[in-house]
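Chemist: Structure file start18.cif (mmCIF, C-alpha atoms) right here:
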```cif
data_my_file
#
loop_
_atom_site.label_atom_id
_atom_site.label_comp_id
_atom_site.auth_asym_id
_atom_site.auth_seq_id
_atom_site.Cartn_x
_atom_site.Cartn_y
_atom_site.Cartn_z
CA MET A 1 198.92 -195.99 -49.29
CA THR A 2 196.42 -193.51 -50.74
CA VAL A 3 193.84 -191.81 -48.59
CA ARG A 4 191.19 -193.75 -50.46
CA ALA A 5 192.88 -197.10 -49.92
CA GLY A 6 193.51 -196.36 -46.27
CA SER A 7 189.92 -195.38 -45.57
CA ARG A 8 188.62 -198.39 -47.46
CA ALA A 9 191.01 -200.73 -45.63
CA THR A 10 189.78 -199.43 -42.28
CA ALA A 11 186.16 -199.64 -43.34
CA THR A 12 186.68 -203.13 -44.70
CA ALA A 13 188.26 -204.34 -41.49
CA ILE A 14 185.20 -203.12 -39.58
CA ALA A 15 182.50 -204.44 -41.87
CA LEU A 16 183.93 -207.28 -43.95
CA THR A 17 183.03 -210.11 -41.59
CA ALA A 18 179.50 -208.84 -41.18
CA SER A 19 178.98 -208.37 -44.89
CA ILE A 20 180.22 -211.86 -45.72
CA THR A 21 178.19 -213.66 -43.10
CA ALA A 22 175.11 -211.69 -44.00
CA GLY A 23 175.19 -213.43 -47.42
CA PHE A 24 174.21 -210.53 -49.69
CA GLY A 25 171.35 -213.17 -50.93
CA LEU A 26 182.51 -189.85 -74.26
CA LEU A 27 181.39 -188.63 -75.46
CA LEU A 28 183.05 -190.08 -78.53
CA THR A 29 185.05 -187.26 -80.07
CA GLY A 30 185.37 -186.52 -83.75
CA CYS A 31 188.41 -188.78 -84.01
CA GLY A 32 186.26 -191.93 -84.08
CA PRO A 33 185.67 -193.87 -87.29
CA GLU A 34 182.45 -192.98 -89.03
CA ASP A 35 182.03 -196.06 -91.23
CA ALA A 36 184.77 -198.64 -91.55
CA THR A 37 182.60 -201.70 -91.89
CA GLY A 38 183.54 -202.64 -95.45
CA ASP A 39 181.45 -205.39 -96.98
CA ASP A 40 178.89 -206.57 -94.45
CA PRO A 41 175.82 -207.84 -96.30
CA ASN A 42 173.79 -208.52 -93.19
CA PRO A 43 174.74 -206.20 -90.30
CA SER A 44 172.39 -208.00 -87.92
CA ALA A 45 173.62 -211.51 -88.59
CA THR A 46 176.40 -211.91 -86.04
CA SER A 47 176.29 -211.78 -82.30
CA THR A 48 177.99 -214.11 -79.90
CA VAL A 49 176.18 -216.49 -77.63
CA ASN A 50 176.84 -215.54 -73.99
CA GLY A 51 178.95 -212.61 -75.08
CA THR A 52 182.67 -212.08 -74.94
CA GLY A 53 183.45 -211.75 -71.33
CA GLY A 54 181.13 -213.68 -69.02
CA THR A 55 178.18 -215.95 -68.58
CA SER A 56 174.59 -214.76 -68.50
CA THR A 57 174.36 -215.86 -64.87
CA GLY A 58 176.65 -213.15 -63.58
CA THR A 59 179.11 -215.70 -62.22
CA PRO A 60 182.53 -215.93 -63.90
CA ASN A 61 183.36 -219.38 -65.17
CA GLY A 62 187.01 -219.39 -64.20
CA SER A 63 188.36 -217.57 -67.22
CA GLY A 64 186.17 -214.51 -67.31
CA GLY A 65 184.24 -215.65 -70.36
CA THR A 66 182.39 -218.39 -72.12
CA SER A 67 183.52 -217.40 -75.59
CA GLY A 68 187.07 -216.73 -74.46
CA GLY A 69 188.65 -219.78 -76.13
CA GLY A 70 192.40 -220.28 -76.23
CA ALA A 71 194.75 -219.78 -79.11
CA THR A 72 192.54 -221.88 -81.40
CA ALA A 73 189.20 -220.41 -80.34
CA THR A 74 186.54 -219.80 -82.98
CA PRO A 75 183.81 -217.23 -82.24
CA VAL A 76 180.39 -218.78 -81.71
CA VAL A 77 177.71 -216.86 -83.57
CA SER A 78 173.95 -216.91 -83.70
CA LYS A 79 171.60 -215.68 -86.37
CA ALA A 80 169.65 -212.55 -85.61
CA PRO A 81 166.44 -211.62 -87.45
CA ALA A 82 167.31 -210.36 -90.93
CA SER A 83 164.26 -208.13 -91.29
CA ALA A 84 165.77 -204.98 -89.83
CA PRO A 85 169.05 -203.93 -88.21
CA PRO A 86 168.98 -203.94 -84.41
CA LEU A 87 168.69 -200.73 -82.43
CA ASN A 88 172.14 -199.14 -82.35
CA GLY A 89 172.34 -196.29 -79.86
CA THR A 90 176.13 -196.01 -79.86
CA ALA A 91 176.50 -192.75 -81.79
CA HIS A 92 178.33 -189.89 -80.04
CA ASN A 93 178.34 -191.43 -76.56
CA GLY A 94 181.52 -193.54 -76.56
CA LEU A 95 179.68 -196.83 -76.08
CA THR A 96 181.14 -199.83 -77.93
CA ILE A 97 180.04 -203.46 -78.14
CA SER A 98 182.30 -206.42 -78.96
CA ASP A 99 180.88 -209.87 -79.52
CA GLY A 100 183.79 -212.10 -80.53
CA THR A 101 183.41 -211.43 -84.25
CA ARG A 102 185.56 -209.05 -86.32
CA PHE A 103 182.89 -206.34 -86.16
CA VAL A 104 182.72 -203.88 -83.26
CA VAL A 105 179.57 -201.81 -82.78
CA MET A 106 180.56 -198.19 -82.18
CA ASN A 107 179.69 -194.65 -83.18
CA GLY A 108 176.39 -195.74 -84.69
CA THR A 109 177.93 -198.27 -87.10
CA ARG A 110 179.90 -201.53 -87.15
CA VAL A 111 183.66 -201.31 -87.58
CA ASP A 112 185.58 -204.18 -89.17
CA PHE A 113 188.74 -204.76 -87.09
CA GLY A 114 190.00 -207.40 -89.50
CA THR A 115 190.24 -210.07 -86.80
CA ALA A 116 188.05 -211.53 -84.09
CA VAL A 117 187.70 -209.09 -81.20
CA ARG A 118 186.99 -210.46 -77.75
CA ASP A 119 186.70 -208.45 -74.56
CA LEU A 120 187.47 -205.05 -76.05
CA ALA A 121 188.81 -202.47 -73.58
CA TRP A 122 189.91 -198.88 -74.16
CA SER A 123 192.86 -196.89 -72.87
CA PRO A 124 191.76 -194.04 -70.57
CA ASP A 125 192.45 -191.48 -73.29
CA GLY A 126 190.49 -193.49 -75.87
CA ARG A 127 193.37 -193.59 -78.33
CA LYS A 128 194.05 -197.33 -78.17
CA ALA A 129 191.99 -200.52 -78.00
CA ALA A 130 193.09 -203.73 -76.27
CA PHE A 131 191.49 -207.10 -76.94
CA VAL A 132 192.07 -210.80 -77.40
CA ASP A 133 192.23 -211.62 -81.11
CA GLY A 134 191.30 -214.70 -83.11
CA ASP A 135 194.60 -216.40 -82.25
CA GLY A 136 194.06 -215.89 -78.54
CA ASP A 137 196.80 -213.23 -78.38
CA LEU A 138 196.62 -209.97 -76.45
CA VAL A 139 196.55 -207.17 -79.01
CA VAL A 140 196.62 -203.37 -78.97
CA SER A 141 195.35 -201.41 -81.97
CA ASN A 142 194.07 -198.07 -83.16
CA PRO A 143 190.36 -197.38 -82.60
CA ASP A 144 189.45 -198.75 -86.04
CA GLY A 145 191.48 -201.96 -85.66
CA SER A 146 194.42 -200.76 -87.73
CA GLY A 147 198.01 -200.76 -86.49
CA ARG A 148 197.62 -203.97 -84.52
CA THR A 149 200.49 -204.95 -82.23
CA VAL A 150 200.69 -208.30 -80.46
CA VAL A 151 201.52 -207.19 -76.94
CA ALA A 152 201.68 -210.77 -75.67
CA LYS A 153 201.66 -213.97 -77.73
CA ASN A 154 199.51 -216.77 -76.36
CA PRO A 155 201.82 -219.80 -76.05
CA GLY A 156 198.91 -222.17 -76.62
CA GLY A 157 196.87 -224.20 -74.19
CA GLN A 158 195.74 -221.04 -72.43
CA THR A 159 192.62 -218.89 -72.42
CA TRP A 160 193.14 -215.16 -72.04
CA SER A 161 190.25 -212.81 -71.30
CA HIS A 162 189.07 -209.42 -70.13
CA PRO A 163 192.08 -207.09 -70.43
CA THR A 164 191.91 -203.80 -68.57
CA TRP A 165 194.19 -200.78 -68.73
CA GLN A 166 196.13 -199.87 -65.56
CA VAL A 167 197.52 -196.37 -66.02
CA ARG A 168 199.20 -194.17 -63.41
CA PRO A 169 201.24 -190.97 -63.78
CA ALA A 170 204.73 -190.79 -62.32
CA ASP A 171 204.88 -189.79 -58.65
CA PRO A 172 208.43 -188.52 -57.98
CA ASP A 173 207.61 -187.63 -54.37
CA ASN A 174 207.01 -191.30 -53.60
CA GLY A 175 209.54 -192.68 -56.08
CA LEU A 176 206.88 -194.24 -58.30
CA PRO A 177 207.43 -194.43 -62.07
CA ARG A 178 204.75 -193.96 -64.69
CA LEU A 179 202.65 -197.07 -65.18
CA ASN A 180 201.04 -198.23 -68.42
CA GLU A 181 200.08 -201.89 -68.03
CA LEU A 182 197.45 -204.31 -69.24
CA ILE A 183 195.98 -206.64 -66.64
CA PHE A 184 194.07 -209.68 -67.82
CA ALA A 185 192.84 -213.10 -66.72
CA GLY A 186 194.53 -216.24 -67.98
CA ARG A 187 193.46 -219.84 -67.55
CA LYS A 188 195.70 -222.86 -68.01
CA ASP A 189 194.77 -226.45 -67.17
CA GLY A 190 191.58 -225.16 -65.55
CA VAL A 191 193.44 -222.76 -63.22
CA ALA A 192 192.73 -219.03 -63.57
CA LYS A 193 195.17 -216.32 -62.51
CA LEU A 194 195.67 -212.60 -63.08
CA TYR A 195 198.55 -211.44 -65.27
CA GLY A 196 200.13 -208.16 -66.23
CA VAL A 197 202.14 -207.01 -69.24
CA PRO A 198 203.36 -203.60 -70.47
CA ALA A 199 200.77 -202.06 -72.77
CA THR A 200 203.52 -200.87 -75.10
CA GLY A 201 205.29 -204.23 -75.25
CA HIS A 202 205.74 -206.51 -78.23
CA ASN A 203 205.49 -210.26 -77.76
CA ALA A 204 206.22 -209.69 -74.07
CA LYS A 205 205.91 -212.44 -71.50
CA PRO A 206 203.07 -211.77 -69.01
CA ALA A 207 203.86 -211.93 -65.30
CA VAL A 208 201.54 -213.28 -62.61
CA LEU A 209 200.22 -210.38 -60.52
CA SER A 210 201.02 -210.17 -56.83
CA LEU A 211 197.96 -210.40 -54.60
CA ASN A 212 198.91 -209.42 -51.06
CA HIS A 213 196.48 -208.59 -48.25
CA TYR A 214 196.06 -205.45 -46.20
CA SER A 215 197.96 -205.54 -42.92
CA GLY A 216 196.20 -206.62 -39.74
CA GLU A 217 195.84 -209.43 -37.25
CA ASP A 218 194.64 -212.87 -38.28
CA ILE A 219 194.48 -211.88 -41.95
CA LYS A 220 194.49 -214.83 -44.33
CA GLN A 221 196.44 -214.90 -47.56
CA LEU A 222 194.30 -213.87 -50.52
CA PRO A 223 193.43 -216.58 -53.05
CA GLN A 224 196.02 -216.74 -55.81
CA THR A 225 193.93 -218.80 -58.24
CA GLY A 226 190.37 -218.59 -59.50
CA ASN A 227 190.77 -214.84 -60.11
CA VAL A 228 189.03 -213.37 -63.15
CA TRP A 229 187.44 -210.24 -64.59
CA PRO A 230 189.91 -207.51 -63.57
CA SER A 231 188.89 -203.87 -63.91
CA ALA A 232 191.28 -200.96 -63.24
CA ALA A 233 190.59 -197.22 -63.15
CA GLY A 234 191.41 -194.02 -61.31
CA THR A 235 194.58 -191.99 -61.10
CA HIS A 236 196.39 -194.56 -58.95
CA GLY A 237 195.64 -197.63 -61.05
CA THR A 238 193.54 -199.35 -58.40
CA SER A 239 191.68 -202.42 -59.63
CA VAL A 240 188.98 -204.89 -58.65
CA TYR A 241 188.51 -208.50 -59.69
CA ALA A 242 186.33 -211.52 -58.93
CA ASN A 243 187.20 -214.92 -57.51
CA THR A 244 185.27 -217.93 -58.76
CA ALA A 245 186.00 -220.14 -55.75
CA ASP A 246 184.58 -217.96 -52.98
CA GLY A 247 182.29 -215.74 -55.08
CA GLN A 248 183.88 -212.55 -53.74
CA VAL A 249 184.89 -209.29 -55.38
CA TYR A 250 188.36 -208.13 -54.31
CA ILE A 251 190.07 -204.78 -54.43
CA ARG A 252 193.76 -204.56 -55.41
CA ASP A 253 195.60 -201.41 -54.36
CA ASP A 254 198.90 -201.08 -56.22
CA TYR A 255 200.02 -197.60 -55.27
CA LEU A 256 202.65 -197.25 -52.52
CA ARG A 257 202.65 -200.98 -51.89
CA GLN A 258 200.50 -203.73 -53.27
CA GLN A 259 197.69 -204.86 -50.95
CA GLY A 260 194.02 -205.77 -51.08
CA SER A 261 191.04 -207.56 -49.58
CA ALA A 262 187.63 -209.02 -50.28
CA ILE A 263 184.86 -206.42 -50.41
CA ALA A 264 181.57 -208.06 -51.42
CA LYS A 265 179.85 -211.18 -52.66
CA GLY A 266 179.47 -210.86 -56.41
CA SER A 267 181.10 -211.09 -59.82
CA GLU A 268 181.99 -209.12 -62.97
CA PRO A 269 183.06 -205.90 -61.22
CA ALA A 270 183.65 -202.60 -63.03
CA PHE A 271 185.71 -199.97 -61.22
CA ALA A 272 184.48 -196.38 -61.35
CA PRO A 273 186.69 -193.73 -62.98
CA GLY A 274 186.85 -191.61 -59.80
CA ASP A 275 189.36 -192.44 -57.08
CA ASP A 276 186.72 -192.79 -54.37
CA GLU A 277 183.65 -193.84 -56.33
CA GLY A 278 183.70 -197.59 -55.71
CA PHE A 279 182.56 -200.12 -58.27
CA VAL A 280 179.55 -201.82 -59.81
CA PHE A 281 179.19 -205.59 -59.75
CA VAL A 282 176.73 -208.41 -60.44
CA ARG A 283 174.86 -210.38 -57.77
CA SER A 284 171.97 -212.82 -58.13
CA VAL A 285 168.77 -211.77 -56.37
CA GLY A 286 165.41 -213.51 -56.66
CA GLY A 287 166.32 -215.48 -59.76
CA HIS A 288 167.83 -212.59 -61.76
CA ASP A 289 171.24 -210.98 -61.96
CA HIS A 290 171.15 -207.48 -60.48
CA LEU A 291 173.65 -204.63 -60.66
CA PHE A 292 174.95 -203.37 -57.32
CA ARG A 293 176.97 -200.23 -56.60
CA GLU A 294 179.60 -200.26 -53.87
CA THR A 295 180.98 -197.11 -52.27
CA SER A 296 183.01 -196.66 -49.11
CA GLY A 297 181.34 -195.34 -45.97
CA ASN A 298 182.47 -194.39 -42.48
CA ASN A 299 181.40 -197.75 -41.07
CA GLY A 300 182.28 -199.98 -43.99
CA PRO A 301 181.26 -200.58 -47.58
CA VAL A 302 177.85 -199.27 -48.64
CA PHE A 303 175.87 -201.26 -51.22
CA LYS A 304 172.94 -200.19 -53.39
CA ASP A 305 170.90 -202.34 -55.75
CA LEU A 306 170.72 -200.32 -58.97
CA THR A 307 168.17 -202.68 -60.53
CA PRO A 308 165.79 -203.65 -57.69
CA ASN A 309 162.90 -204.35 -60.05
CA ALA A 310 164.87 -206.52 -62.46
CA THR A 311 162.82 -208.87 -64.65
CA THR A 312 165.84 -209.89 -66.73
CA ASP A 313 169.55 -210.47 -66.14
CA TYR A 314 171.89 -207.47 -66.05
CA THR A 315 175.53 -208.49 -66.48
CA GLU A 316 178.95 -207.28 -67.63
CA PRO A 317 178.64 -203.64 -66.45
CA ALA A 318 180.86 -200.81 -67.69
CA PHE A 319 181.22 -197.19 -66.54
CA SER A 320 181.14 -194.20 -68.85
CA PRO A 321 184.32 -192.08 -68.61
CA ASP A 322 182.59 -189.42 -66.51
CA GLY A 323 181.31 -192.05 -64.08
CA ARG A 324 177.69 -190.95 -64.44
CA THR A 325 176.37 -193.82 -66.55
CA VAL A 326 176.59 -197.60 -66.39
CA ALA A 327 176.06 -199.79 -69.44
CA ALA A 328 175.18 -203.46 -69.00
CA ARG A 329 174.37 -206.49 -71.06
CA THR A 330 170.99 -208.21 -71.12
CA PRO A 331 169.90 -211.25 -73.15
CA ASN A 332 168.25 -208.87 -75.64
CA GLY A 333 170.86 -206.14 -75.96
CA ILE A 334 172.62 -203.34 -74.10
CA VAL A 335 171.02 -201.02 -71.56
CA THR A 336 172.24 -197.91 -69.79
CA LEU A 337 171.21 -196.40 -66.48
CA PRO A 338 172.40 -193.66 -64.12
CA ALA A 339 175.31 -194.84 -61.99
CA ASN A 340 173.44 -193.74 -58.86
CA GLY A 341 170.42 -195.91 -59.70
CA SER A 342 168.06 -192.93 -59.88
CA LYS A 343 166.35 -194.25 -63.03
CA ALA A 344 165.52 -197.64 -64.49
CA PRO A 345 167.68 -199.14 -67.25
CA VAL A 346 166.87 -198.11 -70.82
CA LYS A 347 167.66 -200.28 -73.82
CA VAL A 348 170.04 -198.49 -76.19
CA SER A 349 171.15 -201.29 -78.51
CA GLY A 350 169.78 -204.54 -79.86
CA TYR A 351 173.30 -205.85 -80.43
CA VAL A 352 174.32 -208.40 -77.81
CA GLY A 353 177.91 -208.41 -76.54
CA LEU A 354 180.32 -206.90 -74.06
CA PRO A 355 179.77 -203.15 -73.50
CA ALA A 356 182.73 -200.81 -73.01
CA TYR A 357 183.24 -197.07 -73.17
CA ARG A 358 185.85 -195.24 -75.15
CA GLY A 359 187.21 -192.21 -73.31
#
```
Let me see the structure of the file written as structure tokens.
Modeler:
Amino acid sequence: MTVRAGSRATATAIALTASITAGFGLLLTGCGPEDATGDDPNPSATSTVNGTGGTSTGTPNGSGGTSGGGATATPVVSKAPASAPPLNGTAHNGLTISDGTRFVVMNGTRVDFGTAVRDLAWSPDGRKAAFVDGDGDLVVSNPDGSGRTVVAKNPGGQTWSHPTWQVRPADPDNGLPRLNELIFAGRKDGVAKLYGVPATGHNAKPAVLSLNHYSGEDIKQLPQTGNVWPSAAGTHGTSVYANTADGQVYIRDDYLRQQGSAIAKGSEPAFAPGDDEGFVFVRSVGGHDHLFRETSGNNGPVFKDLTPNATTDYTEPAFSPDGRTVAARTPNGIVTLPANGSKAPVKVSGYVGLPAYRG
């Protein structure tokens, strides 16, 4: 177990019961495409309703998304005002926005990926994109949508959503091989589970992820269903995810041995790039969805409301690669704010969709 996981496990054991019962009430480098949009007569005409990855309430719906249809899903679009293109502050900062259409907002333009793009996620080095395509398959491509490979073929009757890259270097001292996986949420017959598949695979069969608990007395088995919205980061491939049944955010440590626990009430977590920097998640407060930051402390998890004066809903957060900035979705576009909550959110794009950062 890593030092981080061990300290968090101890802190969680001390404070978890109290926190639950309290009811908490890149810089894009020059390799990016400059303009690959092709023919797009009205660049402001397509944006998905309720985005690509989650609801506007900040509570996952059992699959991680409302537009995350199965193998026969068709993106739902709404008409935006045609008078002027929306604000597009995605140039030279690595921010991207996917909305279930074939166009991805990035690098100050809109890139045509040639297929519907839902829940776009980037490899840590920014060289590859992973997403769910128009057939409901899990796909990996180049940053402009070219070179698409179907990593896993949706067998039908399933909804796949919110892939995240789990990458870890080899650790010969502990006998651990290099890891390059994609974790995602899958829903079949109304039951949501977490799955994993090699990121370099081709038509591979996803495997259900193990979800074991930290050791201790009177520890209950972690829920195996209702799990959505995975987010992995850090050098050890640690991840967080949300459970729709109990409304908790869980941590999943997969380093020396797989283990985990509930950390906080909330949904739609995004794990920070640093190994001991916690995560950001969504929690409803006073009628609006707020962004909270979790970090580990000596006496248990420490929580900070990053948007205490919210007058709108902030959902679907994403960390910048340096961990200093958080992007989030609002009903009117994408905002960014310092990851420490030192400043209020600032609107950077009028495009509505799922924000993500390319490393």
Chemist: Apply the PyMOL selection byres ((chain A and resi 248) around 8) to the displayed file and report the matching residues as an MDAnalysis selection string.
Modeler: chainID A and resid 242:244 246:247 249:250 262:267
Chemist: Specify as a list in words each residue included when the PyMOL selection byres ((chain A and resi 117) around 9) is applied to this file.
Modeler: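 Applying the PyMOL selection byres ((chain A and resi 117) around 9) to the structure shown produces Thr52, Ser98, Asp99, Gly100, Thr101, Arg102, Phe103, Val104, Phe113, Gly114, Thr115, Ala116, Arg118, Asp119, Leu120, Phe131, Val132, Asp133 and Gly134 of chain A.
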Chemist: CA of Asp253 (chain A) to CA of Phe303 (chain A): how many Å, to one decimal?
Modeler: 20.0 Å
Chemist: Provide the CA of Thr295 (chain A) to CA of Gly278 (chain A) distance in Å, to one decimal place.
Modeler: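 Computing it gives 4.4 Å between the two atoms.
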Chemist: As an exercise, work out the distance from CA of Pro321 (chain A) to CA of Pro273 (chain A) in Å and give it to one decimal place.
Modeler: 6.3 Å
Chemist: Pick from A:Thr96, A:Ser261, A:Asn212, A:Ser123: nearest to Val111 (chain A), with all atoms listed in the file counted?
Modeler: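 Comparing A:Thr96, A:Ser261, A:Asn212, A:Ser123 against Val111 (chain A), the winner is A:Thr96.
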Chemist: Once the PyMOL selection byres ((chain A and resi 156-170) around 9) has been applied to the shown file, what residues remain in the selection, as JSON, numbers by chain?
Modeler: {"A": [52, 53, 63, 64, 65, 68, 69, 70, 71, 72, 73, 118, 119, 120, 121, 122, 123, 124, 130, 131, 132, 136, 137, 138, 153, 154, 155, 171, 172, 175, 176, 177, 178, 179, 180, 181, 182, 183, 184, 185, 186, 187, 188, 189, 192, 199, 228, 229, 230, 231, 232, 233, 234, 235, 236, 237, 238, 239, 255]}
Chemist: Excluding Ala204 (chain A) and any residue of its chain fewer than 3 positions from it, enumerate the residues within 9 Å of it, using only C-alpha atoms, and give them as a PyMOL selection string.
Modeler: chain A and resi 150-153+197-198+201
Chemist: Which is closest to Gly353 (chain A) among A:Asp254, A:Val105, A:Asp276, A:Gly216, if we use all atoms listed in the file?
Modeler: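 Of the candidates, the smallest distance to Gly353 (chain A) is held by A:Val105.
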Chemist: Kindly provide, as a PyMOL selection string, the polymer residues lying within 7 Å of (200.8, -215.3, -67.9), counting all atoms listed in the file and using the coordinates exactly as they appear in the file.
Modeler: chain A and resi 186+195+205-208
Chemist: From the options A:Thr315, A:Asn299, A:Asn142, A:Asn309, which residue's atoms come nearest to Arg283 (chain A), counting all atoms listed in the file?
Modeler: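 Ranked by minimum distance to Arg283 (chain A), first place goes to A:Thr315.
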